[in-house]
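Asks: Structure in C-alpha cells, see below.
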Amino acid sequence: MASDEGLVARYLSYMEGPRRASPHTVKAYRSDLMDFLGFCKRLDKDVIDIDHKTLRTYLANLETRGLKRTSIRRRASVVRRFYRFLQREGTVESNPAELLVLPKGRSRLPKVLKSIEVGRVLGIAEDRRSKQDAPPEAWRDLALIEVLYDAGLRVGEACALRIGDVELDKGWVRVEQGKGGRDRVVPLADPACIAIEAYISHGRTDLAGRNPETTDTLFLNTRGKPMTTRDARRIVARIGGIALDGRPMWPHLLRHSFATHLLEGGADLRSVQELLGHTDVGSTQIYTHITSERLRHVYDATHPRA
C-alpha cells in the first residue's frame, strides 16, 4: 500500500495528465491535500482509515482555525474528489466524503470594469508611452495591458508568452494550457498587435540588453529577465490606480471584463468558454449572471414603470 503522500502524488499526476488541469489548479490541490494529510497525522490515522465523522471534524477544525467559508468549501470539495479517485482505483471501498455537507458560500459575482474604464486604463498607458523620453517599460506596459484585456489571458499565461507565440500578421496569440493540456489560440485586436509590435521593436530590445542571458520570453522586467506574475500585478495596479482614481485594479479584473464585454456584445457562451480556456462551461456561466445584473440595473434606471 502506498503512503499517504504517494496517494496524493498519484492523484495529482492524474490531474495533470488525463484531467489536464492547469499548473495553478494542481498547485492549489497539492496545498489543500497536504493540509488534510497534516490533520490525519495529528490523529495518527492513514487516509484510507478516515471516515465520514472524521471528515466532519476536519471541517470544524478548519472553521476553528479561522478559514473563510469559501476556503473551507474548496478544501472539502478537493478532499471529496481525492477520495472519489481513490475509490475508482480500488484503494478505498467507499468515498467517506461523498455525503459530506459543504458549507454554503456567498454567491459573489466577480467585479468588472466598464468599457469606458478600460479605455481610461489603456489611455494612461498609451500617454506614458507616447512621451518623447518614454522608457522601455512604458512600451512594455501598454503591450501587457492590451494582451491581458484583448485576449483575456490569465496573468500567468501572459507572463509565460514567448515571442513565437504571437503571430501579429495573423492577429492571434497561442496560449499554453499547462502540462497535458491542449493549447488554445486567441484572436488579438489591431490595437493589441500594434502595441506588441512597437514594444518588440523598441522597449523589449532595450530591456533584453540589460540581461546577458538571452531569452525568448515576450515580456521582460526592468532587469531584462522574464517578467513574473508579481511584476505584472504591480504594473497593472500602478496604472489602474491612476486611471481609476485610486481604486484597486489587478490583472484578473481585465480578464473578467474581457469575458463580460464579449457576452454583452452578443458572443455566445461556448465561444467565450473557448477563448477563456475553461474546461467546464459552468465556470463561464458566471459572466451571464453579471450581464443579467447589468441589464436589470439599466431596466430599473430607465424603464418608466420600473
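Chain labels follow the order of the C-alpha cells: the first chain is A, the next B, and so on; residue numbering restarts at 1 in every chain, and ligands are counted from 1 in their shown order.
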Among stretch 78-183 of chain A, which ones does DSSP assign to helix (DSSP H, G or I) (computed from the backbone)? Answer as a PyMOL selection string.

Replies: chain A and resi 78-89+115-130+136-150+155-159+163-165

Asks: Give me, as an NGL selection string, all polymer residues having an atom no more than 7 Å from A:Gly203, counting only C-alpha atoms and skipping those fewer than 2 positions away in the same chain.

Replies: :A and (136-137 or 139-140 or 199-201 or 205-207)

Asks: In Å to one decimal, how far is atom CA of A:Tyr149 from atom CA of A:Ser271?

Replies: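 Atom CA of A:Tyr149 lies 16.3 Å from atom CA of A:Ser271.
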
Asks: In terms of the shortest atom-to-atom distance over only C-alpha atoms, which of A:Thr214, A:Thr284, A:Asn95, A:Ser130 is closest to A:Arg255?

Replies: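 Nearest to A:Arg255: A:Thr284.
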
Asks: Residues within 10 Å of stretch 256-259 of chain A, please, as an MDAnalysis selection string. Count only C-alpha atoms; anything in the same chain fewer than 4 positions from it doesn't count.

Replies: chainID A and resid 110:115 118 148:154 251:252 263:265 267 269 272:273 275:276 284 286:288 290

Asks: Counting only C-alpha atoms, which residue out of A:Gly164, A:Leu100, A:Trp250, A:Thr228 sits closest to A:Asp216?

Replies: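 Ranked by minimum distance to A:Asp216, first place goes to A:Gly164.
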
Asks: Could you check which of A:Leu7, A:Asp280, A:Ile50, A:Tyr83 is closest to A:Arg20, using only C-alpha atoms?

Replies: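 Residue with the minimum atom-to-atom distance to A:Arg20: A:Asp280.
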
Asks: Using only C-alpha atoms, which of the listed residues (A:Ile48, A:Ser13, A:Leu142, A:Gln87) sits closest to A:Gly119?

Replies: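 Ranked by minimum distance to A:Gly119, first place goes to A:Leu142.
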
Asks: Neighbouring residues of A:Asp245 were defined as those with any atom within 12 Å, considering only C-alpha atoms; residues of the same chain fewer than 4 positions away were excluded. Please report them as number ranges by chain.

Replies: A: 117, 120-121, 124, 237-241, 249

Asks: Take the residues just selected and output them with C-alpha atoms as a PDB file, in the first residue's frame.

Replies:
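Printed below is part_36.pdb as written:
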ATOM      1  CA  GLU A 117     -12.930  52.485 -17.625  1.00  0.00           C
ATOM      2  CA  ARG A 120      -9.055  55.123 -19.391  1.00  0.00           C
ATOM      3  CA  VAL A 121      -6.582  52.471 -18.262  1.00  0.00           C
ATOM      4  CA  ILE A 124      -2.960  56.258 -19.286  1.00  0.00           C
ATOM      5  CA  ALA A 237      -2.091  48.079 -10.086  1.00  0.00           C
ATOM      6  CA  ARG A 238       0.013  51.190 -10.648  1.00  0.00           C
ATOM      7  CA  ILE A 239      -1.564  52.165 -13.972  1.00  0.00           C
ATOM      8  CA  GLY A 240      -5.044  51.179 -12.833  1.00  0.00           C
ATOM      9  CA  GLY A 241      -4.709  53.266  -9.702  1.00  0.00           C
ATOM     10  CA  MET A 249      -7.027  47.022 -10.239  1.00  0.00           C
TER      11      MET A 249
END

Asks: Hey, what does DSSP flag as strand (DSSP E or B) within stretch 23-246 of chain A? Can you give it to me as a list in words?

Replies: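 Of stretch 23-246 of chain A, only Arg162, Val166, Glu167, Trp172, Val173, Arg174, Val175, Arg184, Val185, Val186, Pro187, Thr217, Leu220 and Pro226 of chain A fall in strand (DSSP E or B).
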
Asks: Using N, CA, C and O atoms, can you write the selected residues to a file as a PDB file, in the first residue's frame?

Replies:
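The result, written out as result19.pdb:
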ATOM      1  N   ARG A 162       5.961  33.519 -25.172  1.00  0.00           N
ATOM      2  CA  ARG A 162       7.223  33.701 -25.884  1.00  0.00           C
ATOM      3  C   ARG A 162       6.953  34.503 -27.155  1.00  0.00           C
ATOM      4  O   ARG A 162       5.812  34.578 -27.618  1.00  0.00           O
ATOM      5  N   VAL A 166       3.183  34.702 -30.536  1.00  0.00           N
ATOM      6  CA  VAL A 166       2.364  35.788 -31.063  1.00  0.00           C
ATOM      7  C   VAL A 166       2.559  35.890 -32.571  1.00  0.00           C
ATOM      8  O   VAL A 166       3.685  36.069 -33.049  1.00  0.00           O
ATOM      9  N   GLU A 167       1.484  35.752 -33.319  1.00  0.00           N
ATOM     10  CA  GLU A 167       1.502  35.898 -34.781  1.00  0.00           C
ATOM     11  C   GLU A 167       0.794  37.199 -35.127  1.00  0.00           C
ATOM     12  O   GLU A 167      -0.417  37.241 -35.289  1.00  0.00           O
ATOM     13  N   TRP A 172      -3.280  36.730 -33.837  1.00  0.00           N
ATOM     14  CA  TRP A 172      -3.656  35.823 -32.773  1.00  0.00           C
ATOM     15  C   TRP A 172      -2.467  35.491 -31.889  1.00  0.00           C
ATOM     16  O   TRP A 172      -1.329  35.732 -32.245  1.00  0.00           O
ATOM     17  N   VAL A 173      -2.768  34.923 -30.742  1.00  0.00           N
ATOM     18  CA  VAL A 173      -1.733  34.513 -29.792  1.00  0.00           C
ATOM     19  C   VAL A 173      -2.029  33.081 -29.351  1.00  0.00           C
ATOM     20  O   VAL A 173      -3.186  32.714 -29.122  1.00  0.00           O
ATOM     21  N   ARG A 174      -0.988  32.257 -29.273  1.00  0.00           N
ATOM     22  CA  ARG A 174      -1.141  30.880 -28.824  1.00  0.00           C
ATOM     23  C   ARG A 174      -0.818  30.817 -27.329  1.00  0.00           C
ATOM     24  O   ARG A 174       0.228  31.291 -26.894  1.00  0.00           O
ATOM     25  N   VAL A 175      -1.713  30.210 -26.571  1.00  0.00           N
ATOM     26  CA  VAL A 175      -1.582  30.166 -25.118  1.00  0.00           C
ATOM     27  C   VAL A 175      -1.421  28.723 -24.665  1.00  0.00           C
ATOM     28  O   VAL A 175      -2.234  27.861 -25.018  1.00  0.00           O
ATOM     29  N   ARG A 184      -4.574  26.787 -26.664  1.00  0.00           N
ATOM     30  CA  ARG A 184      -5.678  27.479 -27.312  1.00  0.00           C
ATOM     31  C   ARG A 184      -5.147  28.686 -28.078  1.00  0.00           C
ATOM     32  O   ARG A 184      -4.106  29.249 -27.734  1.00  0.00           O
ATOM     33  N   VAL A 185      -5.841  29.048 -29.121  1.00  0.00           N
ATOM     34  CA  VAL A 185      -5.468  30.201 -29.933  1.00  0.00           C
ATOM     35  C   VAL A 185      -6.522  31.281 -29.737  1.00  0.00           C
ATOM     36  O   VAL A 185      -7.723  31.020 -29.873  1.00  0.00           O
ATOM     37  N   VAL A 186      -6.075  32.475 -29.362  1.00  0.00           N
ATOM     38  CA  VAL A 186      -6.984  33.577 -29.071  1.00  0.00           C
ATOM     39  C   VAL A 186      -6.700  34.736 -30.025  1.00  0.00           C
ATOM     40  O   VAL A 186      -5.537  35.102 -30.216  1.00  0.00           O
ATOM     41  N   PRO A 187      -7.724  35.297 -30.644  1.00  0.00           N
ATOM     42  CA  PRO A 187      -7.518  36.441 -31.544  1.00  0.00           C
ATOM     43  C   PRO A 187      -7.012  37.667 -30.796  1.00  0.00           C
ATOM     44  O   PRO A 187      -7.283  37.836 -29.604  1.00  0.00           O
ATOM     45  N   THR A 217      11.322  34.987 -23.948  1.00  0.00           N
ATOM     46  CA  THR A 217      10.107  35.408 -23.253  1.00  0.00           C
ATOM     47  C   THR A 217       9.671  36.779 -23.771  1.00  0.00           C
ATOM     48  O   THR A 217      10.496  37.680 -23.925  1.00  0.00           O
ATOM     49  N   LEU A 220       9.543  41.185 -20.494  1.00  0.00           N
ATOM     50  CA  LEU A 220      10.721  41.206 -19.630  1.00  0.00           C
ATOM     51  C   LEU A 220      10.556  42.264 -18.542  1.00  0.00           C
ATOM     52  O   LEU A 220       9.897  43.294 -18.760  1.00  0.00           O
ATOM     53  N   PRO A 226      12.746  37.386 -17.499  1.00  0.00           N
ATOM     54  CA  PRO A 226      11.316  37.119 -17.720  1.00  0.00           C
ATOM     55  C   PRO A 226      10.452  37.726 -16.627  1.00  0.00           C
ATOM     56  O   PRO A 226      10.754  37.604 -15.437  1.00  0.00           O
TER      57      PRO A 226
END
